[in-house]
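Text of protein-v5.cif (mmCIF, C-alpha atoms and all ligand atoms) as supplied:
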data_work
#
loop_
_atom_site.label_atom_id
_atom_site.label_comp_id
_atom_site.auth_asym_id
_atom_site.auth_seq_id
_atom_site.Cartn_x
_atom_site.Cartn_y
_atom_site.Cartn_z
CA MET A 1058 54.87 27.45 -10.15
CA LYS A 1059 52.31 30.15 -10.55
CA LEU A 1060 49.36 29.30 -12.79
CA PRO A 1061 47.91 31.98 -15.02
CA SER A 1062 44.77 33.43 -13.42
CA ASN A 1063 42.44 31.96 -16.13
CA TRP A 1064 43.78 28.47 -15.18
CA THR A 1065 42.97 29.06 -11.53
CA THR A 1066 39.43 29.96 -12.56
CA ARG A 1067 39.15 26.85 -14.77
CA ILE A 1068 40.33 24.57 -11.94
CA ALA A 1069 37.90 26.22 -9.51
CA VAL A 1070 35.00 25.81 -11.96
CA ALA A 1071 35.94 22.16 -12.63
CA ALA A 1072 36.19 21.41 -8.90
CA ALA A 1073 32.81 23.05 -8.28
CA GLY A 1074 31.35 21.02 -11.15
CA ILE A 1075 32.65 17.73 -9.77
CA GLY A 1076 31.35 18.67 -6.32
CA LEU A 1077 27.91 19.44 -7.70
CA LEU A 1078 27.87 16.19 -9.67
CA LEU A 1079 28.74 14.20 -6.55
CA LEU A 1080 26.06 16.04 -4.59
CA VAL A 1081 23.40 15.29 -7.22
CA ARG A 1082 24.48 11.65 -7.35
CA CYS A 1083 24.27 11.40 -3.57
CA MET A 1084 20.83 12.99 -3.49
CA ASN A 1085 19.55 10.49 -6.04
CA ALA A 1086 21.37 7.48 -4.65
CA PRO A 1087 19.18 4.58 -3.55
CA PRO A 1088 19.71 3.07 -0.10
CA ALA A 1089 23.21 1.60 -0.29
CA THR A 1090 22.36 -1.91 0.87
CA THR A 1091 19.40 -2.43 -1.44
CA LEU A 1092 20.89 -1.95 -4.90
CA GLU A 1093 22.74 -5.25 -5.22
CA ALA A 1094 20.45 -7.76 -3.56
CA PRO A 1095 16.91 -7.26 -2.28
CA ARG A 1096 16.93 -7.75 1.49
CA ALA A 1097 14.86 -10.42 3.22
CA GLY A 1098 12.28 -8.72 5.42
CA TYR A 1099 12.11 -5.64 3.15
CA SER A 1100 11.10 -7.12 -0.19
CA ILE A 1101 7.89 -7.84 -2.08
CA VAL A 1102 7.62 -10.72 -4.59
CA ALA A 1103 6.37 -10.61 -8.20
CA CYS A 1104 6.64 -13.80 -10.27
CA GLY A 1105 9.23 -15.11 -7.83
CA GLU A 1106 11.42 -11.99 -8.22
CA ARG A 1107 12.12 -9.85 -5.18
CA PHE A 1108 11.95 -6.07 -5.04
CA ASP A 1109 13.39 -4.30 -2.01
CA ILE A 1110 10.98 -1.55 -0.94
CA ASP A 1111 13.01 -0.32 2.07
CA SER A 1112 10.08 -0.90 4.45
CA PRO A 1113 9.35 -3.99 6.61
CA VAL A 1114 7.51 -6.76 4.72
CA VAL A 1115 6.45 -10.12 6.17
CA LEU A 1116 5.97 -12.73 3.42
CA TRP A 1117 3.52 -15.63 3.39
CA GLU A 1118 6.43 -18.04 3.80
CA ASP A 1119 7.83 -16.31 6.89
CA PRO A 1120 7.16 -17.90 10.30
CA ASP A 1121 4.86 -15.07 11.41
CA GLY A 1122 3.37 -14.51 7.94
CA TYR A 1123 -0.16 -15.00 6.60
CA SER A 1124 -0.39 -17.39 3.67
CA ALA A 1125 -3.21 -17.43 1.14
CA TYR A 1126 -1.64 -20.65 -0.21
CA ARG A 1127 -2.48 -22.47 2.99
CA ARG A 1128 -4.90 -25.34 2.45
CA GLY A 1129 -6.35 -25.24 5.96
CA LYS A 1130 -7.62 -22.38 8.09
CA HIS A 1131 -4.95 -20.13 9.60
CA PHE A 1132 -6.58 -19.66 12.98
CA ALA A 1133 -8.14 -23.08 13.48
CA ASP A 1134 -6.99 -26.60 12.83
CA GLU A 1135 -9.70 -27.10 10.22
CA PRO A 1136 -9.68 -27.49 6.45
CA LEU A 1137 -10.88 -24.57 4.30
CA ASP A 1138 -14.35 -25.09 2.88
CA GLY A 1139 -13.24 -26.72 -0.35
CA GLU A 1140 -12.16 -23.95 -2.70
CA LEU A 1141 -8.89 -22.05 -2.86
CA ARG A 1142 -8.98 -18.37 -1.89
CA TYR A 1143 -7.40 -17.10 -5.12
CA GLY A 1144 -7.22 -17.98 -8.82
CA LYS A 1145 -5.21 -17.51 -12.01
CA ARG A 1146 -4.95 -14.22 -13.88
CA PRO A 1147 -6.10 -14.36 -17.52
CA GLY A 1148 -3.43 -16.18 -19.55
CA ASP A 1149 -1.80 -17.36 -16.30
CA PRO A 1150 1.38 -15.22 -16.60
CA GLN A 1151 4.52 -17.15 -15.70
CA THR A 1152 7.21 -14.54 -16.15
CA LEU A 1153 7.68 -11.04 -14.83
CA ALA A 1154 7.54 -9.72 -18.41
CA GLU A 1155 4.11 -11.31 -18.92
CA LEU A 1156 2.85 -10.06 -15.57
CA ARG A 1157 4.10 -6.54 -16.38
CA GLU A 1158 1.91 -6.43 -19.47
CA GLN A 1159 -1.19 -7.39 -17.58
CA VAL A 1160 -1.20 -5.67 -14.19
CA HIS A 1161 -1.84 -1.93 -14.20
CA ALA A 1162 -3.79 -1.00 -11.05
CA PHE A 1163 -3.19 -0.92 -7.30
CA VAL A 1164 -6.47 -1.01 -5.34
CA LEU A 1165 -6.59 0.57 -1.88
CA HIS A 1166 -9.05 -0.81 0.66
CA PHE A 1167 -9.65 -0.30 4.36
CA ASP A 1168 -10.35 -3.57 6.08
CA THR A 1169 -12.96 -2.43 8.70
CA THR A 1170 -11.45 -5.06 10.99
CA GLY A 1171 -8.91 -2.65 12.52
CA THR A 1172 -5.84 -4.92 12.44
CA SER A 1173 -4.23 -7.12 9.78
CA ARG A 1174 -4.49 -10.21 11.97
CA GLN A 1175 -8.24 -9.78 12.26
CA CYS A 1176 -8.43 -8.91 8.54
CA PHE A 1177 -6.84 -12.22 7.56
CA LYS A 1178 -9.16 -14.11 9.90
CA VAL A 1179 -12.25 -12.61 8.28
CA LEU A 1180 -11.01 -12.50 4.68
CA GLN A 1181 -9.37 -15.88 4.48
CA ASP A 1182 -10.90 -18.12 7.13
CA LYS A 1183 -14.48 -16.80 7.01
CA ARG A 1184 -15.23 -15.08 3.71
CA THR A 1185 -13.18 -17.16 1.24
CA LEU A 1186 -11.54 -14.03 -0.20
CA SER A 1187 -7.91 -12.93 -0.62
CA VAL A 1188 -5.74 -9.87 -1.11
CA HIS A 1189 -2.05 -9.52 -2.00
CA PHE A 1190 -1.10 -7.15 0.82
CA MET A 1191 -2.29 -6.17 4.26
CA LEU A 1192 -0.92 -3.00 5.86
CA ASP A 1193 -1.14 -3.00 9.64
CA VAL A 1194 -1.57 0.10 11.83
CA ASP A 1195 2.15 0.14 12.75
CA GLY A 1196 3.20 0.18 9.07
CA THR A 1197 4.03 -3.54 8.81
CA ILE A 1198 3.25 -4.89 5.34
CA TYR A 1199 2.14 -8.50 4.95
CA GLN A 1200 2.24 -10.10 1.50
CA THR A 1201 -0.03 -13.17 1.45
CA LEU A 1202 0.66 -14.47 -2.08
CA ASP A 1203 2.77 -13.76 -5.19
CA LEU A 1204 1.50 -10.88 -7.36
CA ARG A 1205 1.23 -13.43 -10.18
CA GLU A 1206 -1.97 -14.76 -8.53
CA ARG A 1207 -5.39 -13.29 -9.09
CA ALA A 1208 -6.56 -12.35 -5.59
CA TRP A 1209 -10.28 -11.88 -4.87
CA HIS A 1210 -10.87 -8.43 -3.44
CA ALA A 1211 -12.38 -6.00 -5.97
CA THR A 1212 -14.63 -7.71 -8.58
CA ILE A 1213 -13.80 -6.66 -12.17
CA SER A 1214 -10.39 -5.24 -11.26
CA ASN A 1215 -9.05 -8.56 -9.90
CA ASP A 1216 -7.77 -9.57 -13.36
CA PHE A 1217 -5.48 -6.55 -13.69
CA ALA A 1218 -4.94 -5.32 -10.12
CA VAL A 1219 -2.89 -5.78 -7.00
CA GLY A 1220 -4.79 -5.08 -3.77
CA VAL A 1221 -3.96 -3.87 -0.26
CA GLU A 1222 -6.21 -4.00 2.81
CA ILE A 1223 -5.19 -1.13 5.08
CA ALA A 1224 -5.95 -1.86 8.74
CA HIS A 1225 -8.62 0.63 9.78
CA PRO A 1226 -12.01 0.51 11.56
CA GLY A 1227 -13.84 2.22 8.66
CA ALA A 1228 -16.03 5.24 7.80
CA TRP A 1229 -19.53 6.05 9.04
CA PRO A 1230 -22.41 8.32 7.96
CA GLN A 1231 -22.50 9.92 11.44
CA PRO A 1232 -19.35 11.30 13.10
CA LEU A 1233 -18.38 9.96 16.53
CA ASN A 1234 -21.31 7.57 16.61
CA ALA A 1235 -21.30 4.51 18.87
CA ASP A 1236 -19.39 2.45 16.28
CA MET A 1237 -16.63 5.01 15.89
CA ARG A 1238 -16.33 5.42 19.67
CA ARG A 1239 -15.94 1.68 20.04
CA TRP A 1240 -12.65 2.05 18.12
CA TYR A 1241 -11.29 5.40 19.30
CA GLU A 1242 -10.73 7.04 22.67
CA LYS A 1243 -9.19 10.31 23.77
CA ASP A 1244 -6.17 10.66 26.05
CA GLU A 1245 -4.08 13.70 27.07
CA ILE A 1246 -2.43 13.80 23.60
CA GLY A 1247 -5.55 13.30 21.51
CA TRP A 1248 -7.52 10.55 19.79
CA ARG A 1249 -6.03 7.09 19.68
CA MET A 1250 -7.27 3.82 18.31
CA LYS A 1251 -8.27 1.06 20.69
CA THR A 1252 -9.07 -2.50 19.76
CA PRO A 1253 -12.35 -3.91 21.06
CA LYS A 1254 -12.14 -6.15 24.16
CA TRP A 1255 -13.26 -9.24 22.26
CA MET A 1256 -10.15 -8.97 20.08
CA LYS A 1257 -7.83 -10.62 22.56
CA ASP A 1258 -4.64 -10.44 20.46
CA PRO A 1259 -4.51 -7.60 17.91
CA GLY A 1260 -1.22 -9.10 16.62
CA ILE A 1261 0.61 -5.77 16.11
CA ARG A 1262 4.33 -6.49 15.57
CA THR A 1263 5.61 -3.23 17.13
CA LYS A 1264 5.38 -3.84 20.85
CA GLY A 1265 3.61 -1.11 22.79
CA TYR A 1266 2.56 0.64 19.58
CA ILE A 1267 -0.22 3.22 19.94
CA ALA A 1268 -2.12 3.92 16.73
CA ARG A 1269 -2.84 7.63 16.37
CA PRO A 1270 -4.61 9.09 13.31
CA ALA A 1271 -2.27 11.18 11.12
CA ARG A 1272 -4.71 14.10 11.53
CA LYS A 1273 -5.98 15.19 14.95
CA ASN A 1274 -9.71 15.23 14.27
CA PHE A 1275 -11.96 12.98 12.26
CA VAL A 1276 -12.25 13.79 8.56
CA SER A 1277 -15.54 14.28 6.70
CA GLY A 1278 -16.00 14.09 2.96
CA GLU A 1279 -18.12 12.84 0.11
CA VAL A 1280 -17.66 9.38 -1.34
CA GLN A 1281 -20.10 7.76 -3.76
CA GLY A 1282 -22.43 10.78 -3.27
CA ARG A 1283 -22.66 10.26 0.51
CA THR A 1284 -20.99 12.24 3.28
CA MET A 1285 -18.85 9.90 5.37
CA HIS A 1286 -16.71 10.44 8.45
CA GLN A 1287 -13.59 8.62 9.58
CA PHE A 1288 -10.35 9.09 11.44
CA ASP A 1289 -7.24 9.23 9.29
CA PHE A 1290 -4.77 6.38 8.78
CA THR A 1291 -1.57 6.44 10.88
CA LYS A 1292 1.59 8.20 9.71
CA GLU A 1293 3.36 4.81 9.79
CA GLN A 1294 0.76 3.53 7.31
CA TYR A 1295 1.24 6.50 4.97
CA ALA A 1296 5.02 6.03 5.03
CA ALA A 1297 4.81 2.29 4.31
CA LEU A 1298 2.07 2.70 1.69
CA ALA A 1299 4.20 5.23 -0.25
CA LYS A 1300 7.14 2.78 -0.22
CA LEU A 1301 4.87 -0.06 -1.30
CA ALA A 1302 3.34 1.97 -4.15
CA ALA A 1303 6.81 3.05 -5.32
CA GLY A 1304 8.02 -0.58 -5.16
CA LEU A 1305 5.02 -1.74 -7.17
CA SER A 1306 5.66 0.87 -9.84
CA ARG A 1307 9.19 -0.55 -10.18
CA ALA A 1308 8.08 -4.18 -10.18
CA LEU A 1309 5.07 -3.56 -12.44
CA PRO A 1310 5.69 -0.25 -14.28
CA ARG A 1311 2.17 0.04 -15.71
CA ILE A 1312 1.12 0.88 -12.13
CA ARG A 1313 1.78 4.60 -12.44
CA LEU A 1314 1.95 6.86 -9.41
CA ALA A 1315 -1.29 8.67 -10.24
CA ALA A 1316 -5.00 8.40 -9.37
CA PRO A 1317 -8.22 9.11 -11.31
CA ARG A 1318 -8.87 12.86 -11.44
CA THR A 1319 -11.66 15.17 -12.57
CA PRO A 1320 -10.94 17.71 -15.34
CA ALA A 1321 -10.44 20.23 -12.50
CA GLY A 1322 -7.70 18.03 -11.03
CA GLU A 1323 -9.61 16.71 -8.01
CA ILE A 1324 -9.48 13.00 -7.11
CA VAL A 1325 -12.63 11.33 -8.48
CA ASN A 1326 -14.70 10.38 -5.40
CA HIS A 1327 -17.08 7.83 -6.92
CA LYS A 1328 -17.11 4.79 -9.19
CA VAL A 1329 -15.33 5.12 -12.53
CA ALA A 1330 -17.01 3.61 -15.62
CA ASP A 1331 -15.85 0.03 -16.23
CA ALA A 1332 -14.26 0.78 -19.62
CA GLU A 1333 -12.31 3.71 -18.13
CA LEU A 1334 -11.23 1.54 -15.20
CA ARG A 1335 -9.95 -1.20 -17.50
CA ALA A 1336 -7.78 1.40 -19.26
CA PHE A 1337 -6.56 3.24 -16.17
CA GLU A 1338 -2.96 2.77 -15.07
CA GLY A 1339 -2.24 3.70 -11.47
CA LEU A 1340 -3.67 3.83 -7.96
CA ILE A 1341 -7.41 3.44 -7.36
CA GLY A 1342 -9.73 3.11 -4.38
CA HIS A 1343 -12.21 0.27 -3.99
CA PHE A 1344 -14.91 2.96 -4.45
CA HIS A 1345 -13.56 3.61 -7.95
CA VAL A 1346 -14.44 -0.01 -8.79
CA GLN A 1347 -17.83 -0.60 -7.15
CA THR A 1348 -20.82 1.65 -6.34
CA ASN A 1349 -21.49 -0.28 -3.11
CA LYS A 1350 -18.05 0.54 -1.64
CA VAL A 1351 -16.71 3.67 0.10
CA ASP A 1352 -13.24 2.47 1.06
CA PRO A 1353 -10.57 3.72 1.60
CA GLY A 1354 -12.90 6.60 2.58
CA PRO A 1355 -12.66 10.39 2.59
CA ALA A 1356 -9.66 10.51 4.94
CA MET A 1357 -7.23 8.99 2.42
CA GLN A 1358 -4.67 11.69 1.54
CA TRP A 1359 -4.14 10.80 -2.11
CA ASP A 1360 -1.90 13.77 -2.94
CA ARG A 1361 0.36 13.11 0.05
CA LEU A 1362 0.60 9.43 -0.89
CA ILE A 1363 1.36 10.11 -4.56
CA GLU A 1364 3.94 12.81 -3.83
CA ASP A 1365 5.72 10.63 -1.27
CA ALA A 1366 5.62 7.60 -3.58
CA ARG A 1367 7.06 9.61 -6.49
CA ARG A 1368 9.85 10.93 -4.27
CA GLU A 1369 10.60 7.37 -3.16
CA ARG A 1370 10.46 6.10 -6.76
CA ALA A 1371 13.04 8.72 -7.81
CA ARG A 1372 15.58 7.27 -5.36
CA TRP A 1373 15.76 4.04 -7.36
CA PRO A 1374 17.26 3.33 -10.80
CA LEU A 1375 14.84 3.32 -13.73
CA GLU A 1376 15.33 -0.33 -14.61
CA ARG A 1377 16.30 -3.15 -12.36
ZN ZN B 1 -12.62 -2.85 -0.11
#

Give the structure from this file in structure tokens form.
Ligand SMILES: [Zn+2]
Amino acid sequence: MKLPSNWTTRIAVAAAGIGLLLLVRCMNAPPATTLEAPRAGYSIVACGERFDIDSPVVLWEDPDGYSAYRRGKHFADEPLDGELRYGKRPGDPQTLAELREQVHAFVLHFDTTGTSRQCFKVLQDKRTLSVHFMLDVDGTIYQTLDLRERAWHATISNDFAVGVEIAHPGAWPQPLNADMRRWYEKDEIGWRMKTPKWMKDPGIRTKGYIARPARKNFVSGEVQGRTMHQFDFTKEQYAALAKLAAGLSRALPRIRLAAPRTPAGEIVNHKVADAELRAFEGLIGHFHVQTNKVDPGPAMQWDRLIEDARRERARWPLER
């Protein structure tokens, strides 16, 4: 049978349409294994509910995890000095719906201890503080307690924020000073991070991992009115941080994938007024919260992080 030519055209157009639809669906499809059930080892926890973020996560309850719920010290067989290292959020939210109303900021820190293992030692065992996430140099994310808890990491924002300590030696007022050189050395490829000799076990999960800054040379920039210098975070950290931010915006949608900006569109590089901070929904640096802080420093590539996180967010359905 010979179809009239307008039929042939209609069939061709319909076939092209179906093809295009399939293509669009494929482009937007989330990772196949993560839609149905969040995977162990790739999920963060908010009010007991798991959200797969498609990036390795070690939870407080895992054998090699770091737990802020622990009553004793992690690195020594000693009790903690009395108090717990975290508290309750205002109203003590018990359900995800309640938590979603309250939490609207994600605070980025650098830990100045260089590795997550050392960060936990200082934060938890020595300084009686806490933070929800630690992000190691190789991109491993550690969650130390449920996002329902009020962790102690950034003063007034603790009520309404989730925090991450990104493993990094820190920023200094002079470039390549003795402190910076204690943490970085040059080989035939370029600068690489080294852990100080006294740190016997850096605890990096990726065996043989070499931490190289995402940008070749150190970065200089103004934070809190001071010029600071630091090497960039690793590309594994940027990749994991984007996945974590995207996962948080799904778990707690008031955490928007945006950061405080000037009217000209630049990232604000100093403290934001308290009232403004309490109203802001999105990603902030510790320096946006407190005048005495410069972390995560001038090297943080906010635009890269936000663009990558938005792209990641778009791969997932709107509502769980
Ligand atoms: Zn900080």

For the contact check between chain A and ligand ZN 1 (chain B), emit one row per residue of chain A within 7 Å, containing the shortest atom pair and the distance in Å rounded to one decimal, counting all atoms listed in the file, chain then rising number order, as CSV.
residue,atom,partner,partner_atom,distance
A:His1166,CA,B:ZN1,ZN,4.2
A:Phe1167,CA,B:ZN1,ZN,5.9
A:Asp1168,CA,B:ZN1,ZN,6.6
A:His1210,CA,B:ZN1,ZN,6.7
A:Ala1211,CA,B:ZN1,ZN,6.7
A:His1343,CA,B:ZN1,ZN,5.0
A:Lys1350,CA,B:ZN1,ZN,6.6
A:Asp1352,CA,B:ZN1,ZN,5.5

> With only C-alpha atoms as the atoms that count, which of A:Pro1353, A:Gly1220, A:Gly1122, A:Gly1304 lies nearest to A:Arg1262?
Replying inline: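 Between A:Pro1353, A:Gly1220, A:Gly1122, A:Gly1304, the residue approaching A:Arg1262 most closely is A:Gly1122.
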
Please produce, as JSON lines, a per-residue contact table for stretch 1295-1325 of chain A versus stretch 1098-1113 of chain A (criterion: any atom at most 8 Å away, all atoms listed in the file considered), showing the nearest atom pair and its distance in Å to one decimal, sorted by chain then residue number.
{"residue": "A:Ala1297", "atom": "CA", "partner": "A:Ser1112", "partner_atom": "CA", "distance": 6.2}
{"residue": "A:Lys1300", "atom": "CA", "partner": "A:Ile1110", "partner_atom": "CA", "distance": 5.8}
{"residue": "A:Leu1301", "atom": "CA", "partner": "A:Ile1110", "partner_atom": "CA", "distance": 6.3}
{"residue": "A:Ala1303", "atom": "CA", "partner": "A:Ile1110", "partner_atom": "CA", "distance": 7.6}
{"residue": "A:Gly1304", "atom": "CA", "partner": "A:Ile1110", "partner_atom": "CA", "distance": 5.2}
{"residue": "A:Ala1308", "atom": "CA", "partner": "A:Phe1108", "partner_atom": "CA", "distance": 6.7}

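Pairwise distance (atom CA of A:Gln1347, atom CA of A:Tyr1126) equals 26.7 Å.
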
> Which is closer to A:His1345 than all the others in A:Asn1326, A:Gln1151, A:Asn1234, A:Asn1274, using only C-alpha atoms?
Replying inline: A:Asn1326

>> Give me, as a ChimeraX atom specification, all polymer residues having an atom no more than 12 Å from A:Ile1363, counting only C-alpha atoms and skipping those fewer than 3 positions away in the same chain.
In response: /A:1295-1296,1298-1303,1306,1312-1317,1324,1339-1341,1357-1360,1366-1370

>> Need the shell around A:Glu1118: protein/DNA/RNA residues with any atom at most 9 Å away, counting only C-alpha atoms. Skip same-chain ones fewer than 6 positions apart. Format as a PyMOL selection string?
In response: chain A and resi 1124+1201-1202

>> Would you pick out the contacts of A:Trp1255 at 12 Å or less, using all atoms listed in the file, so that residues sharing its chain but fewer than 4 positions from it are not included, and give the list as a ChimeraX atom specification?
In response: /A:1175,1239,1251,1259

Can I get the residues of stretch 1108-1161 of chain A within 10 Å of stretch 1176-1199 of chain A, each with the closest pair of atoms and their distance in Å to one decimal, using only C-alpha atoms, sorted chain first then ascending number, as CSV?
residue,atom,partner,partner_atom,distance
A:Ser1112,CA,A:Thr1197,CA,7.9
A:Pro1113,CA,A:Thr1197,CA,5.8
A:Val1114,CA,A:Ile1198,CA,4.7
A:Val1115,CA,A:Tyr1199,CA,4.8
A:Leu1116,CA,A:Tyr1199,CA,5.9
A:Trp1117,CA,A:Tyr1199,CA,7.4
A:Asp1119,CA,A:Tyr1199,CA,9.9
A:Asp1121,CA,A:Tyr1199,CA,9.6
A:Gly1122,CA,A:Tyr1199,CA,6.8
A:Tyr1123,CA,A:Tyr1199,CA,7.1
A:Ser1124,CA,A:Phe1177,CA,9.1
A:Ala1125,CA,A:Ser1187,CA,6.7
A:Tyr1126,CA,A:Ser1187,CA,10.0
A:Arg1127,CA,A:Gln1181,CA,9.6
A:Gly1129,CA,A:Asp1182,CA,8.5
A:Lys1130,CA,A:Asp1182,CA,5.5
A:His1131,CA,A:Asp1182,CA,6.7
A:Phe1132,CA,A:Lys1178,CA,6.9
A:Ala1133,CA,A:Asp1182,CA,8.5
A:Glu1135,CA,A:Asp1182,CA,9.6
A:Pro1136,CA,A:Asp1182,CA,9.5
A:Leu1137,CA,A:Asp1182,CA,7.0
A:Asp1138,CA,A:Thr1185,CA,8.2
A:Gly1139,CA,A:Thr1185,CA,9.7
A:Glu1140,CA,A:Thr1185,CA,7.9
A:Leu1141,CA,A:Thr1185,CA,7.7
A:Arg1142,CA,A:Leu1186,CA,5.3
A:Tyr1143,CA,A:Ser1187,CA,6.2
A:Gly1144,CA,A:Ser1187,CA,9.7

>> For a test of reading the model, state the distance in Å between atom CA of A:Ala1208 and atom CA of A:Ala1356, rounded to one decimal.
In response: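 So the answer is 25.4 Å.
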
> Could you work out how far atom CA of A:Leu1362 lies from atom CA of A:His1161, giving the answer in Å with one decimal?
Replying inline: 17.7 Å

>> At a cut-off of 9 Å, using all atoms listed in the file, what residues contact A:Arg1283? Leave out same-chain residues fewer than 5 positions from it and give the result as a PyMOL selection string.
In response: chain A and resi 1230+1278+1351

>> Let me make sure I understand: among A:Leu1305, A:Ala1094, A:Leu1204, A:Ala1371, which one has the smallest atom-to-atom distance to A:Leu1156 if we use only C-alpha atoms?
In response: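 Under the stated criterion, the closest residue is A:Leu1204.
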
>> Please determine, counting only C-alpha atoms, which residue among A:Ala1336, A:Ala1235, A:Ala1228, A:Ala1218 has the shortest atom-to-atom distance to A:Phe1288.
In response: A:Ala1228

>> Given only C-alpha atoms as the basis, pick out the residue of A:Thr1172, A:Thr1252, A:Ser1277, A:Gln1200 nearest to A:Ala1224.
In response: A:Thr1172

> How would you write as JSON, numbers by chain the residues that get within 6 Å of (-10.0, 4.1, 7.6) in the file's frame, counting all atoms listed in the file?
Replying inline: {"A": [1167, 1225, 1226, 1227, 1290]}

Centre and edges of the stretch 1251-1267 of chain A box, axis-aligned, 8 Å extra per side, as lines of an AutoDock Vina configuration file:
center_x = -3.8
center_y = -3.7
center_z = 19.9
size_x = 34.9
size_y = 29.8
size_z = 24.6

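Counting all atoms listed in the file, the residue from A:Pro1320, A:Pro1253, A:Pro1310, A:Pro1120 that sits nearest to A:Leu1153 is A:Pro1310.
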